[in-house]
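Novice: What follows is a structure written as structure tokens; I'll ask about it next.
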Amino acid sequence: MHIERDLVGGDVLLKVAGRLDTPNAKPFEASLMEVVSTTGGGIVVNLAGVDYVSSSGLRALLVAGKAMRTAKRRLALEALQPQIREVFDISGFSTLFEIS
Amino acid sequence: MSVLAELLAGLGLLFVGLSRLSSHLQHATGWRARQWIRRATGAPLRGLVCGTLAGAATQSSNAVAIICGNLVRGGVFHTRDAIPVVAGGSVGTAALVLVAAIDFRLLVFFALAAVGFAIHLRLDRHPGWRDWIGAALGLTLALLGLVFIKQAPRALDAAAMATWIGPLLSPWLGFAIGLALAVVSQSSSAPTLLVLALLQAHLLDLSAAFPLVLGANLGSGLSALLAAGGLEGTGRQLCHVHVLVKAVGCLLVAALWAVGLVSARLWGSAEPADLLQAAAGGNIALAVSVLFLTLQLAGALPVTLARGAAERLASRLSPPSLEDGASRPRYIDTRALDAPASALDLSQREIQRLVSLLPTLLPDLDQSDAATPGERLALWRGAGAVVRDVDLFLVALMGRGPGPEELAVALRQQALVEMIRALQDTLHDFSEVVESFDALPPLGFNLSESLRTLVLSLADAEGAEDLSVLAALTADRSTLLHRIRQSLLGTQAEAGDEMRRLLLATTLFERAVWLMHRIVVALHPVENDDNPGLSSGAERNEVHAH
């Protein structure tokens, strides 16, 4: 898994590539939480390079989403591949996150 | 050939009967019945007497050991309390020969007739009797199996066998023949017939028949391990106790016999065989019966007295299985029933533990070293047993007349337990569908991992905020799933059977999410429009109907 970090406007853009599976979920969650704790704006996660998401990957997003909701900040997802979008729809995550 | 056919038919009936008995007993034995059984077997002497009566009634110590094993596995009572019952079972089978000539076969036929008439009269449709009649059918089928097994050796020409074997018989060969015949025929009847034939044909005296009787006694114990079939863990421990009773009896009586022989050689006292025959008034058949009874008593009494050590040994030989561990409640305790507030606190903790264990019922498709289907099946069965125990606990609590507030809480918990039970079963069914694919299609993977995410979130939920998020995540998604089903039906990409299983997976997924939503609402501390009195019977009926 590879994560690139950019600043777009006031938001942090995280470009994720690879698999969001069990081995990668912890580093992914740590990266997200690090951004949550060290920045003050919104976070946008670009998932264009992600072709596999398991329950561990979804849970990492859920943890970060909870922290962002508590801080009343925005966490958005973008550029989901169709099969990844299906996981988000079926799991109900599409209703929890702003997806573009 | 008829001997083999009767033996196999008997074994088949025994296995089917025990399986039915085991499954129905777990449902049939309510809290009161469990309390009664525990009281009846709470002291070693009472347990020994109960076992003796059970052995006399069933005429099979194997049946007593295996039925006790099933009761222990069903959580009705504990291994330690069951040990004297198993020990008594051996005494009962031997003692009855001396006190009465009951035709066991006729008893079984009448019992089977009674169960058959009960089913014909549709008494098994009565909710309170259904499982008791199911358990009675299982028991009578198992006992009918034992009748077949015991009858089978009668077709053997014992006299011919005795003529053939008698001259060749050495003490060790006699022991081995007795043991083998008892193991194969699942009872000591066959070797007993052989011993009597050998004695009556004067091919053998009582002294030479002694090793054969010892072998038959030990063999009938070992046969319980074979008859136990799939019984494992704590359930199987009592079969080991049964073998221990037989082995200790053999060792002690053999030691006493040896002392008698040495005494006869050195000091010219009477031979043990002569003493035994004299005690039986010269009746050779009675002498064999007395020897059998002595073997049972010599095994039963020491094992009952040292039941702690027997339990440790049995536990080492058959360690508790995964299902045993999963089926033990962690918090609820009957002693708390007198204090309703504490009892409700304990049942609430048990319910929370059941929720936290829900993810173990689903496959983790992302990890190759996750639990196997067999392990998940054991966990599902174990979790189901705990749900039943919590339900019985709450019923017992409500039966003690708690205050209105406590009654309301108990009813709410009972409704929650029913939803958890329904969710456990749905997750189990879903897992079976997912695991039925050789190569899981992407939709199956997405459904499984989505469901796993939701269940993990439910298991970890802490406080109102988590529950609010979960309520949103588990909101109605019938439109989405309908669209997915239509898409599946419209594509020819999936093979017919594969599509059918995927459709079933979507249905089970939808039901699981709906149940989770109801559980989230019930767990939510705030009463709201989504939480309209979960204690109502209508709500519970809805769970079953959905």
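By order in the structure tokens, chains are A, B, ...; within a chain, residues start at 1; ligands start at 1, following the order shown.
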For chain A, list the residues within 8 Å of chain B, counting only C-alpha atoms, and write the list as number ranges by chain.

Specialist: A: 21-22, 54-56, 58-59, 83, 86-93, 95-96

Novice: Mind listing the strand (DSSP E) residues of chain A, per DSSP on the backbone, as a count of residues only?

Specialist: 34

Novice: Run DSSP on the backbone and give me the residues of segment 130-369 of chain B it puts in helix (DSSP H, G or I), as number ranges by chain.

Specialist: B: 130-155, 158-168, 171-185, 189-200, 206-227, 234-267, 272-279, 284-305, 307-317, 322-326, 334-338, 340-356, 358-361

Novice: Skipping near chain neighbours, those fewer than 6 positions away, what residues fall within 7 Å of Val241 of chain B using only C-alpha atoms, listed as a count of residues only?

Specialist: 3

Novice: Could you state the separation of atom CA of Glu4 of chain A and atom CA of Leu47 of chain A in Å, given to one decimal place?

Specialist: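 We find that atom CA of Glu4 of chain A and atom CA of Leu47 of chain A lie 11.2 Å from each other.
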
Novice: What lies within 10 Å of Ser37 of chain A using only C-alpha atoms, ignoring chain neighbours under 5 positions off, as a ChimeraX atom specification?

Specialist: /A:32,67-68,71

Novice: Do you know which residues are at most 12 Å from Asp338 of chain B counting only C-alpha atoms, after dropping those on the same chain fewer than 4 positions away, and could you put them as a compact mmCIF listing (two decimals) with C-alpha atoms, in the first residue's frame?

Specialist:
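Printed below is result-v9.txt as written:
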# COMPACT_ATOMS: atom_id res chain seq x y z
CA ASP B 333 -25.41 -17.84 38.26
CA THR B 334 -28.49 -19.44 39.83
CA SER B 342 -27.96 -8.46 40.64
CA ALA B 343 -29.42 -11.24 38.50
CA LEU B 344 -30.44 -8.73 35.82
CA PHE B 393 -32.25 -17.80 33.66
CA ALA B 396 -36.59 -18.50 36.29
CA LEU B 397 -36.11 -14.93 37.49
CA MET B 398 -39.55 -13.85 36.24
CA GLY B 399 -41.06 -16.90 37.92
CA ARG B 400 -39.90 -15.59 41.28
CA GLY B 401 -42.18 -12.57 41.05
CA PRO B 402 -39.81 -9.58 40.76

Novice: Select, from B:Arg412, B:Arg376, B:Arg501, B:Arg125, the residue with the minimum atom-to-atom distance to Ser436 of chain B, counting only C-alpha atoms.

Specialist: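 Looking at the shortest contact to Ser436 of chain B, the residue is B:Arg501.
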
Novice: Which distance in Å separates atom CA of Asp345 of chain B and atom CA of Ala378 of chain B, to one decimal?

Specialist: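 Going from atom CA of Asp345 of chain B over to atom CA of Ala378 of chain B, I get 27.3 Å.
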
Novice: Looking at B:Gly299, B:Ala114, B:Leu199, B:Pro272, which one is nearest to Val259 of chain B, with distances taken over only C-alpha atoms?

Specialist: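 Residue with the minimum atom-to-atom distance to Val259 of chain B: B:Pro272.
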
Novice: Taking 3 positions as the minimum chain separation for residues in the same chain, which residues sit within 12 Å of His24 of chain B when counting only C-alpha atoms? Answer as a list in words.

Specialist: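 My reading of the contact set: Gly17, Leu18, Ser19, Arg20, Leu21, His27, Ala28, Thr29, Gly30, Asn70, Leu71, Gly74, Asp124, Trp129, Arg130, Asp131, Trp132, Ile133, Gly134, Ala135, Ala136, Leu137, Gly138 and Leu139 of chain B.
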
Novice: Any idea what's packed within 8 Å of Ala79 of chain A, counting only C-alpha atoms, ignoring anything in its chain fewer than 2 positions away? Could you give it as a list of chain:residue names?

Specialist: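 Close residues of Ala79 of chain A: A:Asn46, A:Leu47, A:Ala48, A:Leu77, A:Gln81, A:Ser100.
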
Novice: Between B:Ala309, B:Ala208, B:Ala216, B:Ala383, single out the one closest to Arg330 of chain B, counting only C-alpha atoms.

Specialist: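 Counting only C-alpha atoms, the residue closest to Arg330 of chain B is B:Ala383.
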